[in-house]
>>> print(open('upload_12.txt').read())   # compact mmCIF, C-alpha atoms and all ligand atoms
# COMPACT_ATOMS: atom_id res chain seq x y z
CA MET A 1 121.47 128.28 173.18
CA LYS A 2 120.82 128.86 169.48
CA LEU A 3 119.12 126.46 167.08
CA LEU A 4 119.16 126.42 163.29
CA ILE A 5 115.85 125.28 161.82
CA ILE A 6 116.10 124.14 158.21
CA ASN A 7 113.21 123.40 155.87
CA GLY A 8 113.76 121.91 152.44
CA PRO A 9 112.00 122.11 149.07
CA ASN A 10 108.32 123.00 148.77
CA ILE A 11 107.89 123.66 152.48
CA ASN A 12 107.48 127.30 151.42
CA LEU A 13 104.27 126.15 149.70
CA LEU A 14 102.56 124.88 152.86
CA GLY A 15 98.88 125.79 152.77
CA VAL A 16 98.91 125.46 148.97
CA ARG A 17 100.46 122.05 148.32
CA GLU A 18 98.62 118.75 148.97
CA LYS A 19 96.49 120.17 151.78
CA HIS A 20 95.07 116.74 152.60
CA ILE A 21 98.61 115.72 153.62
CA TYR A 22 100.24 118.93 154.85
CA GLY A 23 97.24 120.93 156.07
CA ASN A 24 95.91 124.44 155.46
CA GLU A 25 98.46 126.43 157.38
CA SER A 26 101.13 128.38 155.48
CA TYR A 27 104.92 128.53 155.82
CA GLU A 28 104.46 131.92 157.53
CA ASP A 29 102.17 130.18 160.05
CA LEU A 30 104.93 127.60 160.62
CA LEU A 31 107.48 130.38 161.20
CA ARG A 32 105.16 131.96 163.78
CA PHE A 33 104.62 128.58 165.46
CA ILE A 34 108.40 127.97 165.66
CA ASP A 35 108.98 131.48 166.96
CA GLU A 36 106.48 130.94 169.79
CA ALA A 37 107.85 127.47 170.59
CA CYS A 38 111.40 128.86 170.82
CA GLN A 39 110.28 131.78 172.98
CA LYS A 40 108.48 129.40 175.35
CA ALA A 41 111.55 127.15 175.49
CA GLY A 42 113.86 130.12 175.99
CA VAL A 43 116.07 129.31 173.00
CA GLU A 44 117.26 131.55 170.21
CA HIS A 45 116.75 130.39 166.66
CA GLU A 46 117.12 131.12 162.97
CA CYS A 47 114.87 129.63 160.28
CA PHE A 48 116.19 128.82 156.81
CA GLN A 49 114.22 127.43 153.86
CA SER A 50 115.59 126.49 150.47
CA ASN A 51 114.51 124.54 147.42
CA HIS A 52 118.17 123.88 146.56
CA GLU A 53 120.20 120.99 147.92
CA GLY A 54 123.57 122.80 147.74
CA ASP A 55 122.22 125.81 149.61
CA ILE A 56 121.09 123.50 152.41
CA VAL A 57 124.55 121.87 152.48
CA ASP A 58 126.17 125.35 152.63
CA LYS A 59 123.89 126.40 155.50
CA ILE A 60 124.69 123.23 157.49
CA GLN A 61 128.43 123.82 156.99
CA GLN A 62 128.08 127.45 158.13
CA ALA A 63 126.29 126.34 161.31
CA LEU A 64 129.55 125.10 162.83
CA GLY A 65 130.57 127.37 165.71
CA VAL A 66 127.38 129.45 165.35
CA PHE A 67 124.54 127.11 166.38
CA ASP A 68 124.23 124.52 169.16
CA GLY A 69 121.89 122.22 167.26
CA ILE A 70 119.93 121.72 164.06
CA VAL A 71 116.26 120.92 163.49
CA ILE A 72 115.84 119.77 159.90
CA ASN A 73 112.95 118.87 157.65
CA PRO A 74 114.86 118.09 154.45
CA ALA A 75 111.50 117.43 152.68
CA ALA A 76 112.05 115.46 149.44
CA TYR A 77 115.85 115.54 149.94
CA THR A 78 115.29 113.32 152.97
CA HIS A 79 114.97 110.36 150.63
CA THR A 80 117.73 111.21 148.14
CA SER A 81 120.46 113.36 149.61
CA VAL A 82 123.69 111.77 150.72
CA ALA A 83 125.18 115.30 150.51
CA ILE A 84 122.90 116.55 153.32
CA LEU A 85 123.66 113.41 155.35
CA ASP A 86 127.40 113.98 154.90
CA ALA A 87 127.10 117.68 155.82
CA LEU A 88 125.27 116.81 159.05
CA LYS A 89 127.94 114.22 159.85
CA ALA A 90 130.73 116.66 158.98
CA VAL A 91 129.61 119.41 161.37
CA ASN A 92 128.63 116.82 163.99
CA LEU A 93 126.11 119.13 165.70
CA PRO A 94 123.19 117.53 167.54
CA ALA A 95 120.41 117.26 164.96
CA VAL A 96 116.76 116.24 164.97
CA GLU A 97 114.71 115.33 161.91
CA VAL A 98 111.11 116.51 161.53
CA HIS A 99 108.40 115.59 159.03
CA LEU A 100 104.91 117.01 159.01
CA SER A 101 103.52 113.75 157.62
CA ASP A 102 104.22 110.22 158.80
CA ILE A 103 106.74 109.13 156.15
CA SER A 104 106.65 105.55 157.45
CA GLN A 105 102.99 105.23 156.36
CA ARG A 106 103.36 106.66 152.84
CA GLU A 107 104.98 105.48 149.59
CA GLU A 108 107.88 102.99 149.81
CA PHE A 109 110.39 105.59 148.55
CA ARG A 110 109.66 107.81 151.56
CA LYS A 111 110.63 105.08 154.03
CA ILE A 112 114.37 105.71 153.60
CA SER A 113 115.75 108.80 155.31
CA TYR A 114 119.39 109.58 154.62
CA ALA A 115 119.42 112.73 156.77
CA GLY A 116 117.82 110.76 159.59
CA MET A 117 120.95 108.58 159.78
CA ALA A 118 122.82 111.60 161.20
CA CYS A 119 120.02 112.69 163.55
CA GLN A 120 119.56 111.88 167.23
CA ALA A 121 115.76 111.69 166.92
CA THR A 122 112.90 111.92 164.41
CA PHE A 123 109.43 113.38 164.91
CA ALA A 124 107.10 112.54 162.03
CA GLY A 125 103.36 112.75 161.51
CA LEU A 126 102.77 115.36 164.21
CA GLY A 127 102.38 118.40 161.95
CA PHE A 128 103.81 121.66 163.35
CA LYS A 129 103.99 120.07 166.82
CA GLY A 130 106.93 117.95 165.60
CA TYR A 131 109.08 121.09 165.40
CA GLU A 132 108.26 121.98 169.01
CA LYS A 133 109.14 118.45 170.13
CA ALA A 134 112.45 118.68 168.24
CA ILE A 135 113.26 122.05 169.84
CA LEU A 136 112.54 120.70 173.34
CA TYR A 137 114.49 117.51 172.62
CA LEU A 138 117.57 119.51 171.60
CA LYS A 139 117.19 121.85 174.58
CA GLU A 140 117.36 118.84 176.92
CA LEU A 141 120.21 117.22 174.98
CA VAL A 142 122.41 120.31 174.81
CA LYS A 143 121.97 121.70 178.34
C1 LIG B 1 107.95 115.87 154.25
C2 LIG B 1 107.82 114.44 153.73
C3 LIG B 1 108.62 114.26 152.46
O1 LIG B 1 108.49 112.93 151.99
C4 LIG B 1 108.12 115.19 151.38
O2 LIG B 1 108.91 115.08 150.22
C5 LIG B 1 108.02 116.61 151.83
C6 LIG B 1 107.58 116.90 153.20
C7 LIG B 1 107.06 116.14 155.48
O3 LIG B 1 107.30 117.13 156.16
O4 LIG B 1 106.12 115.37 155.74
O5 LIG B 1 108.19 117.53 151.05
O6 LIG B 1 109.30 116.07 154.66
>>> encode(input="upload_12.txt", output="structure tokens", more="lines below")
Ligand code: DQA
Amino acid sequence: MKLLIINGPNINLLGVREKHIYGNESYEDLLRFIDEACQKAGVEHECFQSNHEGDIVDKIQQALGVFDGIVINPAAYTHTSVAILDALKAVNLPAVEVHLSDISQREEFRKISYAGMACQATFAGLGFKGYEKAILYLKELVK
């Protein structure tokens, strides 16, 4: 079983950006955390991060026939991108949405998630742990 783990804009700046919201740990720390979680779960994975909406759409399209599921934190594109929603619907792979922060408790504009409409589950407000929960959720769903 192979999972694609997508992170959207500014997630590469973890540990630098708004530490009171996203914490002190870096994107490299997140990659290590995901690597360990996948090893423990016995699933293969690839991580992809981009600040560009079209690149994320391309990556989702290319996942068809290669990956068994997608974990996605679309970051700011969560709240704006119908293109990412449509790409997730188009490939129709099991997908789980993750947010480090609890988007339901923040500004009004963060309460809408387009990508979430094509996802089987959402884990938000759990920090890095949300990625592990998403990985385990997809492992159960796909097996
Ligand atoms: C985020 C929440 C989004 O609203 C925000 O734009 C991000 C990160 C999160 O992981 O909490 O960049 O997706």
>>> residues_around(input="upload_12.txt", residues="Ile5 in chain A", least_positions_apart="3", cutoff="6 Å", atoms="all atoms listed in the file", output="number ranges by chain")
A: 47, 70-72
>>> residues_around(input="upload_12.txt", residues="Ile21 in chain A", least_positions_apart="3", cutoff="9 Å", atoms="all atoms listed in the file", output="PyMOL selection string")
chain A and resi 17-18+100-101
>>> closest_atom_pairs(input="upload_12.txt", of="chain A", to="ligand LIG 1 (chain B)", cutoff="10 Å", atoms="all atoms listed in the file", output="tab-separated table")
residue	atom	partner	partner_atom	distance
A:Asn7	CA	B:LIG1	O6	8.4
A:Gly8	CA	B:LIG1	O5	7.2
A:Pro9	CA	B:LIG1	O5	6.3
A:Asn10	CA	B:LIG1	O5	5.9
A:Ile11	CA	B:LIG1	O5	6.3
A:Asn12	CA	B:LIG1	O5	9.8
A:Leu13	CA	B:LIG1	O5	9.6
A:Leu14	CA	B:LIG1	O5	9.4
A:Arg17	CA	B:LIG1	O5	9.4
A:Glu18	CA	B:LIG1	O5	9.9
A:Ile21	CA	B:LIG1	O4	7.8
A:Tyr22	CA	B:LIG1	O4	6.9
A:Ile72	CA	B:LIG1	O6	9.2
A:Asn73	CA	B:LIG1	O6	5.5
A:Pro74	CA	B:LIG1	O6	5.9
A:Ala75	CA	B:LIG1	O6	3.3
A:Ala76	CA	B:LIG1	O2	3.3
A:Tyr77	CA	B:LIG1	O2	7.0
A:Thr78	CA	B:LIG1	C3	6.8
A:His79	CA	B:LIG1	O1	7.1
A:Thr80	CA	B:LIG1	O2	9.9
A:Glu97	CA	B:LIG1	O6	9.1
A:Val98	CA	B:LIG1	O3	6.6
A:His99	CA	B:LIG1	O3	3.4
A:Leu100	CA	B:LIG1	O3	3.7
A:Ser101	CA	B:LIG1	O4	3.6
A:Asp102	CA	B:LIG1	O4	6.3
A:Ile103	CA	B:LIG1	O1	5.9
A:Ser104	CA	B:LIG1	O1	9.4
A:Arg106	CA	B:LIG1	O1	8.1
A:Glu107	CA	B:LIG1	O1	8.6
A:Phe109	CA	B:LIG1	O1	8.3
A:Arg110	CA	B:LIG1	O1	5.3
A:Lys111	CA	B:LIG1	O1	8.4
A:Ile112	CA	B:LIG1	O1	9.4
A:Ser113	CA	B:LIG1	O1	9.0
A:Phe123	CA	B:LIG1	O3	9.8
A:Ala124	CA	B:LIG1	O4	7.0
A:Gly125	CA	B:LIG1	O4	6.9
A:Leu126	CA	B:LIG1	O4	9.1
A:Gly127	CA	B:LIG1	O3	7.7
A:Phe128	CA	B:LIG1	O3	9.2
A:Gly130	CA	B:LIG1	O3	9.5
>>> atom_distance(input="upload_12.txt", atom1="CA of Leu136 in chain A", atom2="CA of Ala41 in chain A")
6.9 Å
>>> axis_aligned_box(input="upload_12.txt", around="range 95-114 of chain A", padding_each_side="8 Å", output="AutoDock Vina command-line options")
--center_x 111.7 --center_y 110.1 --center_z 156.8 --size_x 33.4 --size_y 30.3 --size_z 32.4
>>> closest_residue(input="upload_12.txt", among="A:Cys119, A:Met1, A:Ile6, A:Ala63", to="Leu85 in chain A", atoms="all atoms listed in the file")
A:Cys119
>>> residues_around(input="upload_12.txt", residues="Glu25 in chain A", least_positions_apart="2", cutoff="8 Å", atoms="all atoms listed in the file", output="PDB file with C-alpha atoms, in the coordinates of the input")
ATOM      1  CA  LEU A  14     102.560 124.880 152.860  1.00  0.00           C
ATOM      2  CA  GLY A  15      98.880 125.790 152.770  1.00  0.00           C
ATOM      3  CA  GLY A  23      97.240 120.930 156.070  1.00  0.00           C
ATOM      4  CA  TYR A  27     104.920 128.530 155.820  1.00  0.00           C
ATOM      5  CA  ASP A  29     102.170 130.180 160.050  1.00  0.00           C
ATOM      6  CA  LEU A  30     104.930 127.600 160.620  1.00  0.00           C
TER       7      LEU A  30
END
>>> closest_residue(input="upload_12.txt", among="A:Leu88, A:Leu3, A:Leu31, A:Val66", to="Val43 in chain A", atoms="all atoms listed in the file")
A:Leu3
>>> closest_residue(input="upload_12.txt", among="A:Val57, A:Leu64, A:Leu4, A:Ala37", to="Lys129 in chain A", atoms="all atoms listed in the file")
A:Ala37
>>> atom_distance(input="upload_12.txt", atom1="CA of His52 in chain A", atom2="CA of Lys139 in chain A")
28.1 Å
>>> atom_distance(input="upload_12.txt", atom1="CA of Ile34 in chain A", atom2="CA of Asn51 in chain A")
19.5 Å
>>> closest_residue(input="upload_12.txt", among="A:Lys2, A:Arg32, A:Ser26, A:Gln49", to="Lys143 in chain A", atoms="all atoms listed in the file")
A:Lys2
>>> closest_residue(input="upload_12.txt", among="A:Leu141, A:Lys59, A:Gly65, A:Ser50", to="Ala95 in chain A", atoms="all atoms listed in the file")
A:Leu141
>>> closest_residue(input="upload_12.txt", among="A:Ile56, A:Ala115, A:Cys38, A:Val82", to="Ile135 in chain A", atoms="all atoms listed in the file")
A:Cys38
